[in-house]
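Here is structure.cif, consisting of mmCIF, C-alpha atoms:
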data_final
loop_
_atom_site.group_PDB
_atom_site.id
_atom_site.type_symbol
_atom_site.label_atom_id
_atom_site.label_comp_id
_atom_site.auth_asym_id
_atom_site.auth_seq_id
_atom_site.Cartn_x
_atom_site.Cartn_y
_atom_site.Cartn_z
ATOM 1 C CA MET A 1 2.157 7.526 -17.549
ATOM 2 C CA PHE A 2 -1.423 8.701 -16.987
ATOM 3 C CA THR A 3 -2.651 5.189 -16.181
ATOM 4 C CA ALA A 4 0.326 4.436 -13.958
ATOM 5 C CA GLY A 5 -0.225 7.617 -11.983
ATOM 6 C CA THR A 6 -3.974 7.360 -11.419
ATOM 7 C CA GLU A 7 -5.454 3.851 -11.487
ATOM 8 C CA THR A 8 -2.611 2.394 -9.440
ATOM 9 C CA THR A 9 -2.980 5.043 -6.720
ATOM 10 C CA SER A 10 -6.751 4.666 -6.455
ATOM 11 C CA SER A 11 -6.464 0.864 -6.378
ATOM 12 C CA ALA A 12 -3.789 1.059 -3.666
ATOM 13 C CA ALA A 13 -6.038 3.331 -1.574
ATOM 14 C CA GLU A 14 -8.948 0.887 -1.913
ATOM 15 C CA TRP A 15 -6.748 -2.046 -0.856
ATOM 16 C CA ILE A 16 -5.516 -0.058 2.161
ATOM 17 C CA MET A 17 -9.068 0.737 3.262
ATOM 18 C CA SER A 18 -10.011 -2.918 2.758
ATOM 19 C CA GLU A 19 -7.185 -4.073 5.025
ATOM 20 C CA LEU A 20 -8.034 -1.457 7.650
ATOM 21 C CA MET A 21 -11.684 -2.530 7.739
ATOM 22 C CA ARG A 22 -10.605 -6.160 8.133
ATOM 23 C CA ASN A 23 -8.356 -5.154 11.051
ATOM 24 C CA PRO A 24 -10.329 -2.829 13.370
ATOM 25 C CA ASP A 25 -7.493 -2.518 15.904
ATOM 26 C CA VAL A 26 -5.154 -1.246 13.205
ATOM 27 C CA MET A 27 -7.835 1.143 11.958
ATOM 28 C CA ALA A 28 -8.335 2.548 15.468
ATOM 29 C CA LYS A 29 -4.602 3.067 15.953
ATOM 30 C CA ALA A 30 -4.174 4.727 12.553
ATOM 31 C CA GLN A 31 -7.133 7.047 13.070
ATOM 32 C CA ALA A 32 -5.964 8.003 16.547
ATOM 33 C CA GLU A 33 -2.577 8.987 15.109
ATOM 34 C CA VAL A 34 -3.877 11.131 12.258
ATOM 35 C CA ARG A 35 -6.478 12.827 14.445
ATOM 36 C CA ARG A 36 -3.828 13.714 16.972
ATOM 37 C CA VAL A 37 -1.407 15.048 14.361
ATOM 38 C CA PHE A 38 -4.009 16.932 12.271
ATOM 39 C CA ASN A 39 -5.923 18.304 15.251
ATOM 40 C CA ASN A 40 -6.382 22.088 14.912
ATOM 41 C CA VAL A 41 -4.257 22.091 11.748
ATOM 42 C CA SER A 42 -5.660 23.774 8.632
ATOM 43 C CA PRO A 43 -6.024 21.533 5.541
ATOM 44 C CA GLN A 44 -3.435 23.634 3.738
ATOM 45 C CA ASP A 45 -0.881 22.543 6.340
ATOM 46 C CA HIS A 46 -1.657 18.811 6.300
ATOM 47 C CA GLU A 47 1.199 18.038 3.918
ATOM 48 C CA ALA A 48 3.688 19.652 6.282
ATOM 49 C CA LYS A 49 2.574 17.265 9.049
ATOM 50 C CA MET A 50 2.840 14.036 7.039
ATOM 51 C CA ASP A 51 6.270 13.127 8.426
ATOM 52 C CA GLU A 52 4.646 12.723 11.855
ATOM 53 C CA LEU A 53 2.295 9.978 10.644
ATOM 54 C CA HIS A 54 4.668 7.102 11.319
ATOM 55 C CA TYR A 55 2.048 4.403 11.863
ATOM 56 C CA ILE A 56 0.011 5.318 8.795
ATOM 57 C CA LYS A 57 3.157 5.028 6.685
ATOM 58 C CA MET A 58 3.656 1.508 8.078
ATOM 59 C CA VAL A 59 0.031 0.650 7.279
ATOM 60 C CA ILE A 60 0.521 1.755 3.685
ATOM 61 C CA LYS A 61 3.759 -0.221 3.320
ATOM 62 C CA GLU A 62 2.132 -3.358 4.695
ATOM 63 C CA SER A 63 -0.861 -3.058 2.396
ATOM 64 C CA MET A 64 1.447 -2.579 -0.599
ATOM 65 C CA ARG A 65 3.260 -5.738 0.494
ATOM 66 C CA LEU A 66 0.122 -7.869 0.572
ATOM 67 C CA ASN A 67 -1.598 -6.140 -2.333
ATOM 68 C CA PRO A 68 0.973 -4.786 -4.796
ATOM 69 C CA VAL A 69 -0.962 -3.063 -7.560
ATOM 70 C CA VAL A 70 1.670 -4.184 -10.073
ATOM 71 C CA PRO A 71 2.068 -7.896 -9.226
ATOM 72 C CA LEU A 72 4.452 -8.626 -12.108
ATOM 73 C CA LEU A 73 7.106 -5.995 -12.611
ATOM 74 C CA VAL A 74 7.777 -4.478 -16.026
ATOM 75 C CA PRO A 75 9.512 -7.117 -18.206
ATOM 76 C CA HIS A 76 13.257 -6.888 -18.774
ATOM 77 C CA PHE A 77 15.513 -8.639 -21.263
ATOM 78 C CA CYS A 78 18.665 -10.411 -20.189
ATOM 79 C CA GLN A 79 21.596 -8.574 -21.784
ATOM 80 C CA GLU A 80 24.013 -11.471 -21.501
ATOM 81 C CA THR A 81 23.884 -15.129 -20.525
ATOM 82 C CA CYS A 82 24.272 -15.550 -16.761
ATOM 83 C CA GLU A 83 23.470 -17.895 -13.891
ATOM 84 C CA VAL A 84 20.920 -16.981 -11.217
ATOM 85 C CA GLY A 85 20.248 -19.327 -8.315
ATOM 86 C CA GLY A 86 21.683 -22.269 -10.172
ATOM 87 C CA TYR A 87 19.664 -21.611 -13.334
ATOM 88 C CA GLN A 88 21.183 -20.479 -16.595
ATOM 89 C CA VAL A 89 19.439 -17.449 -18.084
ATOM 90 C CA THR A 90 20.370 -17.032 -21.731
ATOM 91 C CA LYS A 91 20.883 -13.724 -23.474
ATOM 92 C CA GLY A 92 17.636 -12.270 -24.810
ATOM 93 C CA THR A 93 15.413 -14.044 -22.246
ATOM 94 C CA ARG A 94 12.427 -11.985 -21.114
ATOM 95 C CA VAL A 95 12.525 -11.781 -17.323
ATOM 96 C CA LEU A 96 9.421 -11.195 -15.200
ATOM 97 C CA ILE A 97 9.647 -10.664 -11.434
ATOM 98 C CA ASN A 98 6.659 -11.900 -9.418
ATOM 99 C CA ALA A 99 6.581 -9.196 -6.725
ATOM 100 C CA TRP A 100 3.258 -10.514 -5.375
ATOM 101 C CA ALA A 101 4.599 -14.012 -4.682
ATOM 102 C CA MET A 102 7.809 -12.716 -3.112
ATOM 103 C CA ALA A 103 5.883 -10.395 -0.805
ATOM 104 C CA ARG A 104 3.787 -13.304 0.498
ATOM 105 C CA SER A 105 6.526 -15.907 0.739
ATOM 106 C CA PRO A 106 7.069 -17.393 4.233
ATOM 107 C CA GLU A 107 10.699 -17.785 3.219
ATOM 108 C CA TYR A 108 11.134 -14.033 3.552
ATOM 109 C CA TRP A 109 8.265 -12.935 5.801
ATOM 110 C CA HIS A 110 7.121 -14.081 9.248
ATOM 111 C CA ASP A 111 3.339 -14.634 9.231
ATOM 112 C CA ALA A 112 3.446 -13.708 5.564
ATOM 113 C CA GLU A 113 -0.333 -13.747 5.073
ATOM 114 C CA LYS A 114 -1.046 -11.606 8.151
ATOM 115 C CA PHE A 115 -1.587 -7.848 7.983
ATOM 116 C CA ARG A 116 1.001 -6.588 10.480
ATOM 117 C CA PRO A 117 2.144 -2.970 9.909
ATOM 118 C CA GLU A 118 4.527 -3.261 12.864
ATOM 119 C CA ARG A 119 6.877 -5.390 10.745
ATOM 120 C CA PHE A 120 8.061 -2.082 9.223
ATOM 121 C CA GLU A 121 8.603 -0.408 12.588
ATOM 122 C CA ASP A 122 12.401 -0.640 12.617
ATOM 123 C CA GLY A 123 12.657 1.203 9.305
ATOM 124 C CA MET A 124 14.932 -1.450 7.817
ATOM 125 C CA LEU A 125 12.415 -2.570 5.184
ATOM 126 C CA ASP A 126 11.880 -0.018 2.459
ATOM 127 C CA PHE A 127 11.227 -0.066 -1.268
ATOM 128 C CA LYS A 128 14.252 2.160 -1.922
ATOM 129 C CA GLY A 129 16.787 -0.236 -0.439
ATOM 130 C CA SER A 130 18.271 -3.516 -1.544
ATOM 131 C CA ARG A 131 15.767 -5.789 0.204
ATOM 132 C CA PHE A 132 14.435 -7.425 -2.922
ATOM 133 C CA GLU A 133 11.699 -9.351 -1.150
ATOM 134 C CA TYR A 134 9.740 -6.067 -1.089
ATOM 135 C CA LEU A 135 9.315 -4.505 -4.530
ATOM 136 C CA PRO A 136 6.081 -2.470 -4.764
ATOM 137 C CA PHE A 137 7.825 -0.032 -7.139
ATOM 138 C CA GLY A 138 10.454 -2.317 -8.614
ATOM 139 C CA ALA A 139 14.133 -1.698 -7.894
ATOM 140 C CA GLY A 140 17.307 -0.238 -9.302
ATOM 141 C CA ARG A 141 17.674 2.318 -12.057
ATOM 142 C CA ARG A 142 14.474 1.207 -13.789
ATOM 143 C CA ARG A 143 12.090 1.225 -10.852
ATOM 144 C CA CYS A 144 8.915 3.306 -11.074
ATOM 145 C CA PRO A 145 9.962 6.904 -11.860
ATOM 146 C CA GLY A 146 6.933 8.269 -10.023
ATOM 147 C CA ASP A 147 7.350 6.315 -6.770
ATOM 148 C CA THR A 148 8.065 9.326 -4.551
ATOM 149 C CA PHE A 149 5.199 11.397 -5.949
ATOM 150 C CA GLY A 150 2.755 8.483 -5.990
ATOM 151 C CA LEU A 151 3.504 7.527 -2.403
ATOM 152 C CA ALA A 152 3.168 11.130 -1.210
ATOM 153 C CA VAL A 153 -0.248 11.418 -2.871
ATOM 154 C CA LEU A 154 -1.352 8.044 -1.487
ATOM 155 C CA GLU A 155 -0.300 8.956 2.060
ATOM 156 C CA LEU A 156 -2.263 12.214 1.919
ATOM 157 C CA ILE A 157 -5.357 10.485 0.505
ATOM 158 C CA VAL A 158 -5.354 7.829 3.232
ATOM 159 C CA ALA A 159 -4.617 10.308 6.017
ATOM 160 C CA ARG A 160 -7.540 12.526 5.028
ATOM 161 C CA LEU A 161 -9.908 9.581 4.589
ATOM 162 C CA LEU A 162 -9.127 8.532 8.151
ATOM 163 C CA TYR A 163 -9.164 12.047 9.577
ATOM 164 C CA TYR A 164 -12.452 13.348 8.199
ATOM 165 C CA ILE A 165 -14.552 10.168 8.178
ATOM 166 C CA ASP A 166 -15.607 7.392 10.527
ATOM 167 C CA TRP A 167 -15.955 4.176 8.534
ATOM 168 C CA SER A 168 -18.156 1.180 9.281
ATOM 169 C CA LEU A 169 -19.384 -1.952 7.539
ATOM 170 C CA PRO A 170 -22.939 -2.382 6.219
ATOM 171 C CA ALA A 171 -25.411 -3.781 8.752
ATOM 172 C CA GLY A 172 -24.771 -7.389 9.695
ATOM 173 C CA MET A 173 -21.371 -7.549 7.998
ATOM 174 C CA GLN A 174 -18.259 -8.607 9.931
ATOM 175 C CA PRO A 175 -14.621 -7.778 9.100
ATOM 176 C CA ASP A 176 -13.942 -11.352 7.964
ATOM 177 C CA ASP A 177 -16.834 -11.071 5.494
ATOM 178 C CA ILE A 178 -15.031 -8.490 3.374
ATOM 179 C CA ASP A 179 -14.458 -9.889 -0.095
ATOM 180 C CA MET A 180 -10.771 -9.634 -1.030
ATOM 181 C CA GLU A 181 -11.090 -11.282 -4.455
ATOM 182 C CA MET A 182 -8.965 -9.568 -7.068
ATOM 183 C CA ILE A 183 -8.699 -9.048 -10.787
ATOM 184 C CA VAL A 184 -5.167 -9.479 -12.098
ATOM 185 C CA ALA A 185 -4.168 -7.831 -15.342
ATOM 186 C CA ALA A 186 -1.426 -5.259 -15.833
ATOM 187 C CA THR A 187 -2.470 -4.138 -12.362
ATOM 188 C CA THR A 188 -4.204 -5.843 -9.459
ATOM 189 C CA ARG A 189 -7.467 -4.334 -8.281
ATOM 190 C CA ARG A 190 -10.487 -5.461 -6.290
ATOM 191 C CA LYS A 191 -12.948 -7.554 -8.270
ATOM 192 C CA ASN A 192 -15.863 -5.936 -6.427
ATOM 193 C CA PRO A 193 -15.781 -2.324 -5.202
ATOM 194 C CA LEU A 194 -15.418 -1.877 -1.462
ATOM 195 C CA GLN A 195 -18.730 -0.711 0.004
ATOM 196 C CA LEU A 196 -18.676 1.055 3.373
ATOM 197 C CA VAL A 197 -20.899 3.249 5.510
ATOM 198 C CA VAL A 198 -19.498 6.730 6.127
ATOM 199 C CA SER A 199 -20.143 9.153 8.973
ATOM 200 C CA PRO A 200 -18.431 12.563 9.087
ATOM 201 C CA TYR A 201 -15.971 13.016 11.943
ATOM 202 C CA LYS A 202 -14.850 16.454 10.805
ATOM 203 C CA VAL A 203 -16.560 18.845 8.435
ATOM 204 C CA VAL A 204 -14.487 19.216 5.296
ATOM 205 C CA PRO A 205 -13.691 22.946 4.894
ATOM 206 C CA MET A 206 -15.073 24.438 1.699
ATOM 207 C CA LYS A 207 -13.285 27.171 -0.206
ATOM 208 C CA SER A 208 -15.285 30.355 -0.542
#

Translate this structure into structure tokens?
Amino acid sequence: MFTAGTETTSSAAEWIMSELMRNPDVMAKAQAEVRRVFNNVSPQDHEAKMDELHYIKMVIKESMRLNPVVPLLVPHFCQETCEVGGYQVTKGTRVLINAWAMARSPEYWHDAEKFRPERFEDGMLDFKGSRFEYLPFGAGRRRCPGDTFGLAVLELIVARLLYYIDWSLPAGMQPDDIDMEMIVAATTRRKNPLQLVVSPYKVVPMKS
């Protein structure tokens, strides 16, 4: 539970920042939204304003589509012999769902390899529904029990990273130069840490 609630969230945040740096127009739009919503709002009240960050929520969903931190869902065992898609699955078979492959399949997604947050604009695609081509938290009764909490934490992390800081690439580096190579184990994380140049946009308030 500790690993699932920490490493996955930090990895998801790093993937989101990687995608934003590779797509400057999306970064500009996301920052403009959070800086408008958080403007003149005390940090203690940021959580109350999260529902107004519609575009940032779409950015997070799209990054979790392209970069699910759990690429293979938790294994399940078939309780009885059945037929799925013309294949017989015998009782006792261990079943693994490849969420990563489904989320990048052109059979289910237009421009599947493109980072396009607007694909979630109509609100029809969501991890809580029955659209099984999008499974960042699994599905059904046995999906991730911490999905709501984890997503709330992730949204706040990303919103504050974009609100307080202006991000840029090291000198001479272009967005297409960002290394997106991954390490796949129980989770999927960047092989090499994302390195960026930071400049403060807002001073982070310090508690006295």

Requested in this report: Tell me which protein, DNA and RNA residues are within 9 Å of range 58-62 of chain A, counting all atoms listed in the file, leaving out same-chain ones fewer than 4 positions away, and put them as number ranges by chain.
Outcome: A: 12-13, 16, 19-20, 26, 30, 53-54, 66-67, 115-121, 126-127, 136, 151, 154-155, 158

Query - Selection: 7 Å around Pro75 in chain A, all atoms listed in the file, excl. self and same-chain fewer than 5 positions, as a ChimeraX atom specification - result: /A:94-96

Requested in this report: Mind checking which residues fall within 12 Å of range 164-179 of chain A, counting only C-alpha atoms, ignoring those fewer than 6 positions away in the same chain, and posting them as a PyMOL selection string?
Outcome: chain A and resi 15+17-25+27-28+30-32+34-35+38-39+43+157-158+190-205

Query raised in the report: Rounded to one decimal in Å, what is the spacing between CA of Lys49 in chain A and CA of Leu125 in chain A?
Result: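 Here the two named atoms are 22.5 Å from each other.
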
Query - range 186-188 of chain A environment, 12 Å, all atoms listed in the file, sequence neighbours closer than 2 positions dropped, as a ChimeraX atom specification - result: /A:3-12,14-15,64,66-75,99-100,136,180-184,190-191

Residue subset to file, keeping C-alpha atoms, as a PDB file, in the coordinates of the input:
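And here is the file that came out, part_18.pdb:
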ATOM      1  CA  THR A   3      -2.651   5.189 -16.181  1.00  0.00           C
ATOM      2  CA  ALA A   4       0.326   4.436 -13.958  1.00  0.00           C
ATOM      3  CA  GLY A   5      -0.225   7.617 -11.983  1.00  0.00           C
ATOM      4  CA  THR A   6      -3.974   7.360 -11.419  1.00  0.00           C
ATOM      5  CA  GLU A   7      -5.454   3.851 -11.487  1.00  0.00           C
ATOM      6  CA  THR A   8      -2.611   2.394  -9.440  1.00  0.00           C
ATOM      7  CA  THR A   9      -2.980   5.043  -6.720  1.00  0.00           C
ATOM      8  CA  SER A  10      -6.751   4.666  -6.455  1.00  0.00           C
ATOM      9  CA  SER A  11      -6.464   0.864  -6.378  1.00  0.00           C
ATOM     10  CA  ALA A  12      -3.789   1.059  -3.666  1.00  0.00           C
ATOM     11  CA  GLU A  14      -8.948   0.887  -1.913  1.00  0.00           C
ATOM     12  CA  TRP A  15      -6.748  -2.046  -0.856  1.00  0.00           C
ATOM     13  CA  MET A  64       1.447  -2.579  -0.599  1.00  0.00           C
ATOM     14  CA  LEU A  66       0.122  -7.869   0.572  1.00  0.00           C
ATOM     15  CA  ASN A  67      -1.598  -6.140  -2.333  1.00  0.00           C
ATOM     16  CA  PRO A  68       0.973  -4.786  -4.796  1.00  0.00           C
ATOM     17  CA  VAL A  69      -0.962  -3.063  -7.560  1.00  0.00           C
ATOM     18  CA  VAL A  70       1.670  -4.184 -10.073  1.00  0.00           C
ATOM     19  CA  PRO A  71       2.068  -7.896  -9.226  1.00  0.00           C
ATOM     20  CA  LEU A  72       4.452  -8.626 -12.108  1.00  0.00           C
ATOM     21  CA  LEU A  73       7.106  -5.995 -12.611  1.00  0.00           C
ATOM     22  CA  VAL A  74       7.777  -4.478 -16.026  1.00  0.00           C
ATOM     23  CA  PRO A  75       9.512  -7.117 -18.206  1.00  0.00           C
ATOM     24  CA  ALA A  99       6.581  -9.196  -6.725  1.00  0.00           C
ATOM     25  CA  TRP A 100       3.258 -10.514  -5.375  1.00  0.00           C
ATOM     26  CA  PRO A 136       6.081  -2.470  -4.764  1.00  0.00           C
ATOM     27  CA  MET A 180     -10.771  -9.634  -1.030  1.00  0.00           C
ATOM     28  CA  GLU A 181     -11.090 -11.282  -4.455  1.00  0.00           C
ATOM     29  CA  MET A 182      -8.965  -9.568  -7.068  1.00  0.00           C
ATOM     30  CA  ILE A 183      -8.699  -9.048 -10.787  1.00  0.00           C
ATOM     31  CA  VAL A 184      -5.167  -9.479 -12.098  1.00  0.00           C
ATOM     32  CA  ARG A 190     -10.487  -5.461  -6.290  1.00  0.00           C
ATOM     33  CA  LYS A 191     -12.948  -7.554  -8.270  1.00  0.00           C
TER      34      LYS A 191
END

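Our summary of the geometry notes that CA of Gln88 in chain A is positioned 25.4 Å from CA of Arg104 in chain A.
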
Requested in this report: Considering all atoms listed in the file, state which residue in the set A:His46, A:Arg36, A:Lys29, A:Arg141 is at the smallest distance from Arg160 in chain A.
Outcome: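 Closest candidate: A:His46.
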
**Report entry** Minimum-distance residue to Thr93 in chain A, chosen among A:Ala185, A:Val37, A:Pro106, A:His76 (using all atoms listed in the file)
**Finding:**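 Of all the options, A:His76 lies closest to Thr93 in chain A.
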
Report task. List the neighbours of Ala103 in chain A out to 8 Å using only C-alpha atoms; skip same-chain residues closer than 3 positions along the sequence, and give me the result as a list in words. Result -> Arg65, Leu66, Ala99, Trp100, Tyr108, Trp109, Ala112, Glu133, Tyr134 and Leu135 of chain A

Could you dump the residues just selected with C-alpha atoms as a PDB file, in the frame of the given file?
ATOM      1  CA  ARG A  65       3.260  -5.738   0.494  1.00  0.00           C
ATOM      2  CA  LEU A  66       0.122  -7.869   0.572  1.00  0.00           C
ATOM      3  CA  ALA A  99       6.581  -9.196  -6.725  1.00  0.00           C
ATOM      4  CA  TRP A 100       3.258 -10.514  -5.375  1.00  0.00           C
ATOM      5  CA  TYR A 108      11.134 -14.033   3.552  1.00  0.00           C
ATOM      6  CA  TRP A 109       8.265 -12.935   5.801  1.00  0.00           C
ATOM      7  CA  ALA A 112       3.446 -13.708   5.564  1.00  0.00           C
ATOM      8  CA  GLU A 133      11.699  -9.351  -1.150  1.00  0.00           C
ATOM      9  CA  TYR A 134       9.740  -6.067  -1.089  1.00  0.00           C
ATOM     10  CA  LEU A 135       9.315  -4.505  -4.530  1.00  0.00           C
TER      11      LEU A 135
END

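If you apply the PyMOL selection byres ((chain A and resi 81) around 10) to this structure, you end up with Cys78, Gln79, Glu80, Cys82, Glu83, Val84, Gln88, Val89, Thr90, Lys91, Gly92 and Thr93 of chain A.
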
Query - Selected residue of minimal separation from Leu162 in chain A among A:Ile56, A:Cys144, A:Val41, A:Ala48, counting all atoms listed in the file - result: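 Distance minimum relative to Leu162 in chain A lands on A:Ile56.
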
Query raised in the report: Mind pulling up the distance from CA of Ala159 in chain A to CA of Asp111 in chain A?
Result: 26.4 Å

Return the padded bounding box of range 8-26 of chain A as AutoDock Vina command-line options: axis-aligned, built from all atoms listed in the file, 5 Å added on each side, with centre and edge lengths in Å to one decimal.
--center_x -7.1 --center_y -0.6 --center_z 3.2 --size_x 19.1 --size_y 21.2 --size_z 35.3

Query raised in the report: From the list A:Asp45, A:Asp122, A:Glu113, A:Glu107, which residue is nearest Leu156 in chain A when using only C-alpha atoms?
Result: A:Asp45
